[in-house]
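Undergrad: Hey, dropping target_37.pdb in here, PDB, C-alpha atoms:
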```pdb
ATOM      1  CA  MET T   1      -5.551   8.754 -24.628
ATOM      2  CA  ARG T   2      -2.954  11.485 -24.029
ATOM      3  CA  VAL T   3      -4.914  13.989 -26.133
ATOM      4  CA  LEU T   4      -8.164  13.194 -24.299
ATOM      5  CA  VAL T   5      -6.507  13.659 -20.914
ATOM      6  CA  LYS T   6      -5.111  17.011 -21.966
ATOM      7  CA  VAL T   7      -8.495  18.200 -23.227
ATOM      8  CA  LEU T   8     -10.268  17.193 -20.020
ATOM      9  CA  LEU T   9      -7.692  18.853 -17.819
ATOM     10  CA  THR T  10      -7.842  21.994 -19.925
ATOM     11  CA  LEU T  11     -11.572  22.226 -19.218
ATOM     12  CA  LEU T  12     -10.969  21.544 -15.541
ATOM     13  CA  ALA T  13      -8.333  24.250 -15.337
ATOM     14  CA  ALA T  14     -10.697  26.716 -16.986
ATOM     15  CA  ALA T  15     -13.361  25.920 -14.398
ATOM     16  CA  ASP T  16     -10.844  26.509 -11.606
ATOM     17  CA  VAL T  17     -10.013  29.945 -12.989
ATOM     18  CA  ALA T  18     -13.669  30.886 -13.231
ATOM     19  CA  SER T  19     -14.431  29.877  -9.630
ATOM     20  CA  ALA T  20     -11.609  31.650  -7.777
ATOM     21  CA  PHE T  21      -8.817  34.135  -8.415
ATOM     22  CA  VAL T  22      -5.293  32.781  -8.206
ATOM     23  CA  PRO T  23      -2.251  34.450  -9.779
ATOM     24  CA  PRO T  24      -1.906  33.256 -13.420
ATOM     25  CA  ILE T  25       1.566  31.816 -12.922
ATOM     26  CA  MET T  26       0.261  29.507 -10.158
ATOM     27  CA  HIS T  27      -2.569  28.323 -12.403
ATOM     28  CA  THR T  28      -0.035  27.510 -15.094
ATOM     29  CA  LYS T  29       2.193  25.583 -12.706
ATOM     30  CA  ASN T  30      -0.664  23.594 -11.157
ATOM     31  CA  PHE T  31      -2.144  22.906 -14.562
ATOM     32  CA  LEU T  32       1.124  21.559 -15.939
ATOM     33  CA  CYS T  33       1.649  19.338 -12.874
ATOM     34  CA  ARG T  34      -1.821  17.892 -13.206
ATOM     35  CA  VAL T  35      -1.418  17.310 -16.919
ATOM     36  CA  GLN T  36       1.907  15.563 -16.416
ATOM     37  CA  SER T  37       0.513  13.367 -13.620
ATOM     38  CA  ALA T  38      -2.487  12.365 -15.703
ATOM     39  CA  VAL T  39      -0.344  11.666 -18.753
ATOM     40  CA  ASP T  40       2.024   9.523 -16.666
ATOM     41  CA  ASP T  41      -0.901   7.512 -15.291
ATOM     42  CA  ALA T  42      -2.324   7.114 -18.789
ATOM     43  CA  ASP T  43       1.047   5.914 -20.085
ATOM     44  CA  THR T  44       1.285   3.322 -17.296
ATOM     45  CA  ALA T  45      -2.248   2.076 -17.905
ATOM     46  CA  ALA T  46      -1.695   1.878 -21.657
ATOM     47  CA  SER T  47       1.419  -0.256 -21.206
ATOM     48  CA  VAL T  48      -0.173  -2.778 -18.790
ATOM     49  CA  GLN T  49      -0.672  -6.297 -20.090
ATOM     50  CA  ILE T  50      -3.812  -7.966 -18.713
ATOM     51  CA  PRO T  51      -2.894 -11.446 -17.379
ATOM     52  CA  PRO T  52      -4.552 -14.127 -19.512
ATOM     53  CA  PHE T  53      -6.146 -15.854 -16.493
ATOM     54  CA  ILE T  54      -8.287 -12.819 -15.633
ATOM     55  CA  ALA T  55     -11.911 -13.681 -16.405
ATOM     56  CA  SER T  56     -13.797 -11.104 -14.324
ATOM     57  CA  PRO T  57     -14.972  -8.182 -16.502
ATOM     58  CA  VAL T  58     -14.687  -5.826 -13.501
ATOM     59  CA  LEU T  59     -11.113  -6.882 -12.764
ATOM     60  CA  GLU T  60     -10.163  -6.665 -16.432
ATOM     61  CA  GLN T  61     -11.573  -3.148 -16.636
ATOM     62  CA  VAL T  62      -9.888  -1.800 -13.496
ATOM     63  CA  TYR T  63      -6.625  -3.773 -13.715
ATOM     64  CA  PRO T  64      -4.573  -1.085 -15.538
ATOM     65  CA  ALA T  65      -5.651   1.483 -12.955
ATOM     66  CA  LEU T  66      -4.667  -0.887 -10.142
ATOM     67  CA  ILE T  67      -1.169  -1.217 -11.555
ATOM     68  CA  ALA T  68      -0.869   2.530 -12.141
ATOM     69  CA  HIS T  69      -1.934   3.224  -8.562
ATOM     70  CA  LYS T  70       0.520   0.650  -7.212
ATOM     71  CA  ASP T  71       3.368   2.145  -9.253
ATOM     72  CA  LYS T  72       2.556   5.614  -7.944
ATOM     73  CA  TYR T  73       1.552   4.956  -4.315
ATOM     74  CA  GLY T  74       2.961   1.532  -3.501
ATOM     75  CA  ASN T  75      -0.394  -0.245  -3.276
ATOM     76  CA  PRO T  76      -3.333  -1.021  -5.605
ATOM     77  CA  ASN T  77      -6.068   0.106  -3.202
ATOM     78  CA  ILE T  78      -7.699   2.974  -5.102
ATOM     79  CA  PRO T  79      -9.799   5.106  -2.700
ATOM     80  CA  LEU T  80     -13.521   5.608  -3.153
ATOM     81  CA  GLY T  81     -14.500   8.807  -4.894
ATOM     82  CA  SER T  82     -13.683   7.723  -8.424
ATOM     83  CA  ALA T  83     -15.074   5.171 -10.868
ATOM     84  CA  ASP T  84     -12.019   2.968 -10.356
ATOM     85  CA  GLY T  85     -12.389   3.220  -6.583
ATOM     86  CA  LYS T  86     -15.961   1.965  -6.889
ATOM     87  CA  ARG T  87     -14.766  -0.889  -9.088
ATOM     88  CA  CYS T  88     -12.270  -1.845  -6.373
ATOM     89  CA  ASN T  89     -15.145  -2.016  -3.901
ATOM     90  CA  THR T  90     -17.057  -4.198  -6.357
ATOM     91  CA  LEU T  91     -14.041  -6.515  -6.542
ATOM     92  CA  ARG T  92     -14.102  -6.886  -2.763
ATOM     93  CA  ARG T  93     -17.747  -7.885  -2.799
ATOM     94  CA  LEU T  94     -17.189 -10.295  -5.694
ATOM     95  CA  HIS T  95     -14.369 -11.916  -3.741
ATOM     96  CA  PHE T  96     -16.514 -12.321  -0.628
ATOM     97  CA  GLN T  97     -19.235 -13.840  -2.802
ATOM     98  CA  ASN T  98     -16.687 -16.331  -4.212
ATOM     99  CA  LYS T  99     -17.135 -14.853  -7.694
ATOM    100  CA  LEU T 100     -13.430 -14.336  -8.369
ATOM    101  CA  THR T 101     -11.323 -17.309  -9.375
ATOM    102  CA  GLU T 102      -8.656 -18.581  -6.982
ATOM    103  CA  GLU T 103      -5.983 -17.388  -9.407
ATOM    104  CA  GLU T 104      -7.508 -13.901  -9.622
ATOM    105  CA  ALA T 105      -7.762 -13.635  -5.835
ATOM    106  CA  ALA T 106      -4.220 -14.906  -5.333
ATOM    107  CA  HIS T 107      -2.843 -12.432  -7.880
ATOM    108  CA  LEU T 108      -4.642  -9.510  -6.217
ATOM    109  CA  THR T 109      -3.321 -10.617  -2.837
ATOM    110  CA  ASP T 110       0.211 -10.701  -4.247
ATOM    111  CA  LEU T 111      -0.271  -7.133  -5.495
ATOM    112  CA  GLY T 112      -1.268  -6.030  -1.994
ATOM    113  CA  PHE T 113      -4.976  -5.593  -2.692
ATOM    114  CA  ARG T 114      -7.065  -5.383   0.495
ATOM    115  CA  PHE T 115     -10.123  -7.621   0.601
ATOM    116  CA  HIS T 116     -13.149  -7.324   2.873
ATOM    117  CA  SER T 117     -13.257  -8.683   6.398
ATOM    118  CA  PHE T 118     -16.499  -9.737   8.129
ATOM    119  CA  GLU T 119     -16.683  -6.269   9.674
ATOM    120  CA  ASP T 120     -16.218  -4.604   6.280
ATOM    121  CA  VAL T 121     -19.165  -6.582   4.914
ATOM    122  CA  TYR T 122     -21.464  -5.191   7.607
ATOM    123  CA  TYR T 123     -20.391  -1.602   7.025
ATOM    124  CA  GLU T 124     -20.315  -1.795   3.218
ATOM    125  CA  CYS T 125     -23.641  -3.536   2.647
ATOM    126  CA  ASP T 126     -26.990  -1.754   2.664
ATOM    127  CA  PHE T 127     -28.871  -2.755   5.820
ATOM    128  CA  ASP T 128     -32.350  -2.900   4.304
ATOM    129  CA  GLU T 129     -31.120  -4.860   1.287
ATOM    130  CA  MET T 130     -29.425  -7.426   3.532
ATOM    131  CA  LEU T 131     -32.441  -7.595   5.842
ATOM    132  CA  GLN T 132     -34.610  -8.516   2.858
ATOM    133  CA  LYS T 133     -32.136 -11.265   1.937
ATOM    134  CA  LEU T 134     -32.303 -12.507   5.518
ATOM    135  CA  MET T 135     -36.104 -12.558   5.419
ATOM    136  CA  ASP T 136     -35.988 -14.530   2.156
ATOM    137  CA  TYR T 137     -33.683 -17.032   3.888
ATOM    138  CA  GLN T 138     -36.025 -17.246   6.888
ATOM    139  CA  LYS T 139     -39.027 -17.785   4.629
ATOM    140  CA  GLU T 140     -37.283 -20.671   2.868
ATOM    141  CA  PHE T 141     -35.722 -22.379   5.897
ATOM    142  CA  GLN T 142     -37.994 -21.195   8.737
ATOM    143  CA  THR T 143     -35.024 -20.008  10.816
ATOM    144  CA  PHE T 144     -32.556 -17.166  11.238
ATOM    145  CA  GLN T 145     -29.778 -19.630  12.118
ATOM    146  CA  ILE T 146     -27.808 -19.062   8.944
ATOM    147  CA  PRO T 147     -24.297 -20.570   8.744
ATOM    148  CA  LYS T 148     -21.456 -18.068   9.124
ATOM    149  CA  LYS T 149     -19.968 -19.491   5.933
ATOM    150  CA  TYR T 150     -23.150 -19.800   3.878
ATOM    151  CA  GLU T 151     -21.988 -20.954   0.460
ATOM    152  CA  PRO T 152     -24.940 -19.672  -1.639
ATOM    153  CA  ASP T 153     -24.465 -16.147  -0.203
ATOM    154  CA  PRO T 154     -21.283 -15.692   1.901
ATOM    155  CA  GLU T 155     -22.050 -11.985   2.422
ATOM    156  CA  LEU T 156     -25.329 -12.804   4.143
ATOM    157  CA  GLY T 157     -23.706 -15.271   6.538
ATOM    158  CA  ALA T 158     -20.974 -12.774   7.406
ATOM    159  CA  TRP T 159     -23.493  -9.944   7.829
ATOM    160  CA  VAL T 160     -25.633 -11.921  10.276
ATOM    161  CA  THR T 161     -22.528 -12.939  12.235
ATOM    162  CA  MET T 162     -21.549  -9.274  12.587
ATOM    163  CA  LEU T 163     -25.092  -8.298  13.643
ATOM    164  CA  ARG T 164     -24.873 -10.639  16.610
ATOM    165  CA  ARG T 165     -21.310  -9.646  17.437
ATOM    166  CA  LEU T 166     -22.004  -5.895  17.328
ATOM    167  CA  ASN T 167     -25.197  -6.283  19.341
ATOM    168  CA  GLN T 168     -23.304  -8.197  22.014
ATOM    169  CA  LYS T 169     -20.882  -5.245  22.244
ATOM    170  CA  ASP T 170     -23.750  -2.670  22.229
ATOM    171  CA  ASP T 171     -22.439  -1.248  18.945
ATOM    172  CA  LEU T 172     -25.528  -1.873  16.810
ATOM    173  CA  PRO T 173     -27.714   1.189  16.005
ATOM    174  CA  GLU T 174     -31.061   1.252  17.795
ATOM    175  CA  ASP T 175     -33.059   1.581  14.570
ATOM    176  CA  GLN T 176     -31.477  -1.607  13.231
ATOM    177  CA  ILE T 177     -32.160  -3.431  16.502
ATOM    178  CA  SER T 178     -35.805  -2.347  16.296
ATOM    179  CA  LYS T 179     -36.182  -3.627  12.748
ATOM    180  CA  LEU T 180     -34.621  -6.964  13.685
ATOM    181  CA  ASP T 181     -36.717  -7.289  16.837
ATOM    182  CA  ALA T 182     -39.828  -6.584  14.747
ATOM    183  CA  VAL T 183     -39.174  -9.712  12.647
ATOM    184  CA  GLU T 184     -38.237 -11.724  15.786
ATOM    185  CA  PHE T 185     -34.608 -12.136  14.773
ATOM    186  CA  GLU T 186     -32.755 -14.759  16.827
ATOM    187  CA  TRP T 187     -29.935 -12.831  18.501
ATOM    188  CA  ILE T 188     -28.214 -15.931  19.861
ATOM    189  CA  SER T 189     -26.655 -18.346  17.411
ATOM    190  CA  THR T 190     -27.476 -21.970  18.185
ATOM    191  CA  ARG T 191     -25.087 -23.268  15.557
ATOM    192  CA  LYS T 192     -22.043 -24.882  17.102
ATOM    193  CA  CYS T 193     -18.574 -24.901  15.636
ATOM    194  CA  GLY T 194     -16.853 -28.223  16.185
ATOM    195  CA  SER T 195     -13.289 -26.888  16.260
ATOM    196  CA  SER T 196     -11.234 -27.312  19.426
ATOM    197  CA  PHE T 197     -10.578 -23.551  19.354
ATOM    198  CA  MET T 198     -14.274 -22.693  19.501
ATOM    199  CA  LYS T 199     -15.019 -25.297  22.159
ATOM    200  CA  ARG T 200     -12.341 -23.882  24.458
ATOM    201  CA  TYR T 201     -13.156 -20.306  23.460
ATOM    202  CA  ARG T 202     -16.758 -20.682  24.594
ATOM    203  CA  GLU T 203     -15.643 -22.080  27.933
ATOM    204  CA  VAL T 204     -13.244 -19.161  28.454
ATOM    205  CA  LEU T 205     -15.800 -16.596  27.244
ATOM    206  CA  ASP T 206     -18.510 -17.909  29.589
ATOM    207  CA  LYS T 207     -16.145 -17.878  32.557
ATOM    208  CA  LEU T 208     -14.782 -14.388  31.879
ATOM    209  CA  THR T 209     -18.246 -12.984  31.196
ATOM    210  CA  GLU T 210     -19.542 -14.354  34.489
ATOM    211  CA  ILE T 211     -16.626 -12.828  36.420
ATOM    212  CA  HIS T 212     -16.719  -9.532  34.504
ATOM    213  CA  ASP T 213     -20.445  -9.046  35.103
ATOM    214  CA  VAL T 214     -19.813  -9.205  38.848
ATOM    215  CA  GLY T 215     -16.483  -7.417  39.342
ATOM    216  CA  GLY T 216     -15.469  -5.807  36.053
ATOM    217  CA  ASP T 217     -11.929  -5.691  34.656
ATOM    218  CA  GLU T 218     -10.265  -6.001  38.063
ATOM    219  CA  ALA T 219     -12.063  -9.245  38.814
ATOM    220  CA  VAL T 220     -11.006 -10.661  35.441
ATOM    221  CA  ALA T 221      -7.375  -9.665  36.080
ATOM    222  CA  GLU T 222      -7.507 -11.406  39.469
ATOM    223  CA  LEU T 223      -8.929 -14.546  37.874
ATOM    224  CA  LEU T 224      -6.210 -14.652  35.223
ATOM    225  CA  SER T 225      -3.528 -14.342  37.897
ATOM    226  CA  SER T 226      -4.886 -17.440  39.625
ATOM    227  CA  ASP T 227      -6.212 -19.553  36.730
ATOM    228  CA  ALA T 228      -3.115 -20.824  34.955
ATOM    229  CA  GLU T 229      -5.105 -22.830  32.372
ATOM    230  CA  ILE T 230      -7.038 -19.856  30.990
ATOM    231  CA  LYS T 231      -3.914 -17.695  30.968
ATOM    232  CA  LYS T 232      -1.980 -20.462  29.196
ATOM    233  CA  TRP T 233      -4.678 -20.773  26.525
ATOM    234  CA  ILE T 234      -4.806 -17.008  25.884
ATOM    235  CA  ASP T 235      -0.999 -16.857  25.706
ATOM    236  CA  ALA T 236      -1.072 -19.704  23.181
ATOM    237  CA  GLN T 237      -3.444 -17.766  20.911
ATOM    238  CA  LYS T 238      -1.173 -14.734  21.181
ATOM    239  CA  GLN T 239       1.765 -16.842  20.026
ATOM    240  CA  VAL T 240      -0.212 -18.262  17.105
ATOM    241  CA  HIS T 241      -1.096 -14.693  16.127
ATOM    242  CA  ALA T 242       2.554 -13.611  16.389
ATOM    243  CA  ASN T 243       3.408 -16.424  13.968
ATOM    244  CA  GLY T 244       0.832 -15.096  11.506
ATOM    245  CA  LYS T 245      -1.370 -18.186  11.776
ATOM    246  CA  LEU T 246      -4.410 -16.912  13.681
ATOM    247  CA  SER T 247      -7.290 -16.238  11.304
ATOM    248  CA  GLU T 248      -8.953 -12.836  11.171
ATOM    249  CA  SER T 249     -12.198 -14.248  12.565
ATOM    250  CA  ARG T 250     -10.377 -15.780  15.544
ATOM    251  CA  VAL T 251      -8.547 -12.529  16.197
ATOM    252  CA  GLN T 252     -11.942 -10.855  16.424
ATOM    253  CA  TYR T 253     -13.178 -13.542  18.823
ATOM    254  CA  MET T 254     -10.186 -12.878  21.068
ATOM    255  CA  GLU T 255     -10.876  -9.138  20.942
ATOM    256  CA  ASP T 256     -14.378  -9.856  22.241
ATOM    257  CA  LEU T 257     -13.186 -11.475  25.499
ATOM    258  CA  PRO T 258     -14.413  -9.177  28.312
ATOM    259  CA  GLY T 259     -11.843  -7.501  30.522
ATOM    260  CA  VAL T 260      -8.870  -8.916  28.608
ATOM    261  CA  ASP T 261      -6.280  -7.064  26.544
ATOM    262  CA  TRP T 262      -5.124 -10.354  25.116
ATOM    263  CA  MET T 263      -2.194  -8.937  23.119
ATOM    264  CA  LYS T 264      -0.485  -7.645  26.263
ATOM    265  CA  GLU T 265       1.314  -9.648  28.928
ATOM    266  CA  LEU T 266      -1.242 -11.147  31.302
TER     267      LEU T 266
END
```
Let's see the structure in the file written out as structure tokens.
TA:
Amino acid sequence: MRVLVKVLLTLLAAADVASAFVPPIMHTKNFLCRVQSAVDDADTAASVQIPPFIASPVLEQVYPALIAHKDKYGNPNIPLGSADGKRCNTLRRLHFQNKLTEEEAAHLTDLGFRFHSFEDVYYECDFDEMLQKLMDYQKEFQTFQIPKKYEPDPELGAWVTMLRRLNQKDDLPEDQISKLDAVEFEWISTRKCGSSFMKRYREVLDKLTEIHDVGGDEAVAELLSSDAEIKKWIDAQKQVHANGKLSESRVQYMEDLPGVDWMKEL
């Protein structure tokens, strides 16, 4: 491993010299630093023991690099732009698809690995590929009302949820809207969540939307100063969030309330 690294970096250094003139002593210094860094990373990777519970081939392959990156930078989130960075992205998709074991996911979380949120799924997935999946779902079930947490394909459920959310905020590209309109996509979800949070959230959202459409942010602020029940509910969600117990999806719901900066004092 060490010999291979040195050979590769020697070739890289030679290419650098051929492309631009830099004083020889600087080339030597940079070259030695890069060699030492690569050798250190290789030593770390070579000494890593793969936990016996790891079953995912992707995780097994990238695990040494994750540990090396964490040792060097304090986190295992390797950026895109390298083969290992792409493998990290694959891990995130596998996790969202429920294709990592609970033990694997828990271990990655303990390491500080960042998984995908609903919003990440929308931005990471190819639109046309996901649209085809959605059309396959519609063909089978005769509806676009896919559950947000669709067990056979969690990515698809999350993607559709984000389509509706981004469209509501006017953040969806026009070309994507046109493609969805062309297949008569149902922009409004008719699926109802039975949780007490969602029941109250919808009531608050409808009320704030009605007021905001008429008078904007000022009208919403005036309402909150006079409606103690809505203010009390929003304050309660802020406290739950401060305690670290408000889910990421509910945080996003709160962010979508019109005219409300819910994390500030109301």
Undergrad: Give me the residues within 9 Å of Leu100 in chain T as a list of chain:residue names, counting all atoms listed in the file and dropping any in the same chain fewer than 5 places off.
TA: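 Within the cut-off, the hits are T:Ala55, T:Ser56, T:Leu59, T:Leu91, T:Leu94, T:His95, T:Ala105.
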Undergrad: Using only C-alpha atoms, please write the residues we just selected to a file, as a short mmCIF file (atom, residue, chain, number, x, y, z; two decimals), in the coordinates of the input.
TA:
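Saved as again-v3.cif:
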```
data_model
loop_
_atom_site.label_atom_id
_atom_site.label_comp_id
_atom_site.auth_asym_id
_atom_site.auth_seq_id
_atom_site.Cartn_x
_atom_site.Cartn_y
_atom_site.Cartn_z
CA ALA T 55 -11.91 -13.68 -16.40
CA SER T 56 -13.80 -11.10 -14.32
CA LEU T 59 -11.11 -6.88 -12.76
CA LEU T 91 -14.04 -6.52 -6.54
CA LEU T 94 -17.19 -10.30 -5.69
CA HIS T 95 -14.37 -11.92 -3.74
CA ALA T 105 -7.76 -13.64 -5.84
#
```
Undergrad: Would you mind telling me which residue in T:Leu134, T:Ser189, T:Leu111, T:Glu218 lies nearest to Gly259 in chain T when using all atoms listed in the file?
TA: T:Glu218
Undergrad: Apply the PyMOL selection byres ((chain T and resi 84) around 10) to the file shown and report the selected residues as a PDB file with C-alpha atoms, keeping the file's coordinate frame.
TA:
```
ATOM      1  CA  VAL T  58     -14.687  -5.826 -13.501  1.00  0.00           C
ATOM      2  CA  GLN T  61     -11.573  -3.148 -16.636  1.00  0.00           C
ATOM      3  CA  VAL T  62      -9.888  -1.800 -13.496  1.00  0.00           C
ATOM      4  CA  TYR T  63      -6.625  -3.773 -13.715  1.00  0.00           C
ATOM      5  CA  PRO T  64      -4.573  -1.085 -15.538  1.00  0.00           C
ATOM      6  CA  ALA T  65      -5.651   1.483 -12.955  1.00  0.00           C
ATOM      7  CA  LEU T  66      -4.667  -0.887 -10.142  1.00  0.00           C
ATOM      8  CA  ASN T  77      -6.068   0.106  -3.202  1.00  0.00           C
ATOM      9  CA  ILE T  78      -7.699   2.974  -5.102  1.00  0.00           C
ATOM     10  CA  PRO T  79      -9.799   5.106  -2.700  1.00  0.00           C
ATOM     11  CA  LEU T  80     -13.521   5.608  -3.153  1.00  0.00           C
ATOM     12  CA  GLY T  81     -14.500   8.807  -4.894  1.00  0.00           C
ATOM     13  CA  SER T  82     -13.683   7.723  -8.424  1.00  0.00           C
ATOM     14  CA  ALA T  83     -15.074   5.171 -10.868  1.00  0.00           C
ATOM     15  CA  GLY T  85     -12.389   3.220  -6.583  1.00  0.00           C
ATOM     16  CA  LYS T  86     -15.961   1.965  -6.889  1.00  0.00           C
ATOM     17  CA  ARG T  87     -14.766  -0.889  -9.088  1.00  0.00           C
ATOM     18  CA  CYS T  88     -12.270  -1.845  -6.373  1.00  0.00           C
ATOM     19  CA  ASN T  89     -15.145  -2.016  -3.901  1.00  0.00           C
ATOM     20  CA  THR T  90     -17.057  -4.198  -6.357  1.00  0.00           C
TER      21      THR T  90
END
```
Undergrad: Which neighbours of range 142-159 of chain T fall inside 8 Å, counting only C-alpha atoms, when residues of the same chain fewer than 4 positions from it are skipped, and could you give them as an MDAnalysis selection string?
TA: chainID T and resid 93 96:98 118:119 121:122 130 133:134 137:138 163 185:186 189:191
Undergrad: Next, the residues of the selection above should be written as a short mmCIF file (atom, residue, chain, number, x, y, z; two decimals), in the coordinates of the input with C-alpha atoms.
TA:
```
data_model
loop_
_atom_site.label_atom_id
_atom_site.label_comp_id
_atom_site.auth_asym_id
_atom_site.auth_seq_id
_atom_site.Cartn_x
_atom_site.Cartn_y
_atom_site.Cartn_z
CA ARG T 93 -17.75 -7.88 -2.80
CA PHE T 96 -16.51 -12.32 -0.63
CA GLN T 97 -19.24 -13.84 -2.80
CA ASN T 98 -16.69 -16.33 -4.21
CA PHE T 118 -16.50 -9.74 8.13
CA GLU T 119 -16.68 -6.27 9.67
CA VAL T 121 -19.16 -6.58 4.91
CA TYR T 122 -21.46 -5.19 7.61
CA MET T 130 -29.42 -7.43 3.53
CA LYS T 133 -32.14 -11.26 1.94
CA LEU T 134 -32.30 -12.51 5.52
CA TYR T 137 -33.68 -17.03 3.89
CA GLN T 138 -36.02 -17.25 6.89
CA LEU T 163 -25.09 -8.30 13.64
CA PHE T 185 -34.61 -12.14 14.77
CA GLU T 186 -32.76 -14.76 16.83
CA SER T 189 -26.66 -18.35 17.41
CA THR T 190 -27.48 -21.97 18.18
CA ARG T 191 -25.09 -23.27 15.56
#
```
Undergrad: Quick one: apply the PyMOL selection byres ((chain T and resi 208) around 8) to the file and drop the selected residues here as a compact mmCIF listing (two decimals) with C-alpha atoms, in the frame of the given file.
TA:
```txt
# COMPACT_ATOMS: atom_id res chain seq x y z
CA VAL T 204 -13.24 -19.16 28.45
CA LEU T 205 -15.80 -16.60 27.24
CA ASP T 206 -18.51 -17.91 29.59
CA LYS T 207 -16.14 -17.88 32.56
CA THR T 209 -18.25 -12.98 31.20
CA GLU T 210 -19.54 -14.35 34.49
CA ILE T 211 -16.63 -12.83 36.42
CA HIS T 212 -16.72 -9.53 34.50
CA VAL T 220 -11.01 -10.66 35.44
CA LEU T 257 -13.19 -11.48 25.50
CA PRO T 258 -14.41 -9.18 28.31
CA GLY T 259 -11.84 -7.50 30.52
```
Undergrad: Decode the PyMOL selection byres ((chain T and resi 255) around 12) for the given file into explicit residues and return them as a PyMOL selection string.
TA: chain T and resi 165+169+201+205+234+237-238+248-254+256-264
Undergrad: Record the distance separating CA of Asp120 in chain T and CA of Asp213 in chain T, expressed in Å with one decimal.
TA: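 Calculated distance between CA of Asp120 in chain T and CA of Asp213 in chain T is 29.5 Å.
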Undergrad: How many Å separate CA of Asn167 in chain T from CA of Leu180 in chain T?
TA: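 CA of Leu180 in chain T lies 11.0 Å from CA of Asn167 in chain T.
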Undergrad: Enclose all atoms of range 98-115 of chain T listed in the file in an axis-aligned box, grow every side by 4 Å, and hand back centre and edge lengths in Å to one decimal, as AutoDock Vina command-line options.
TA:
```
--center_x -8.5 --center_y -12.0 --center_z -4.5 --size_x 25.3 --size_y 21.2 --size_z 18.2
```
Undergrad: So what do you get for CA of Lys179 in chain T versus CA of Gln132 in chain T, distance-wise?
TA: 11.1 Å
Undergrad: Considering all atoms listed in the file, state which residue in the set T:Asp170, T:Glu124, T:Asp110, T:Asp181 is at the smallest distance from Lys70 in chain T.
TA: T:Asp110
Undergrad: Which residue out of T:Phe141, T:Phe127, T:Trp187, T:Trp233 has the minimum interatomic distance to Gln168 in chain T when all atoms listed in the file are used?
TA: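 Between T:Phe141, T:Phe127, T:Trp187, T:Trp233, the residue approaching Gln168 in chain T most closely is T:Trp187.
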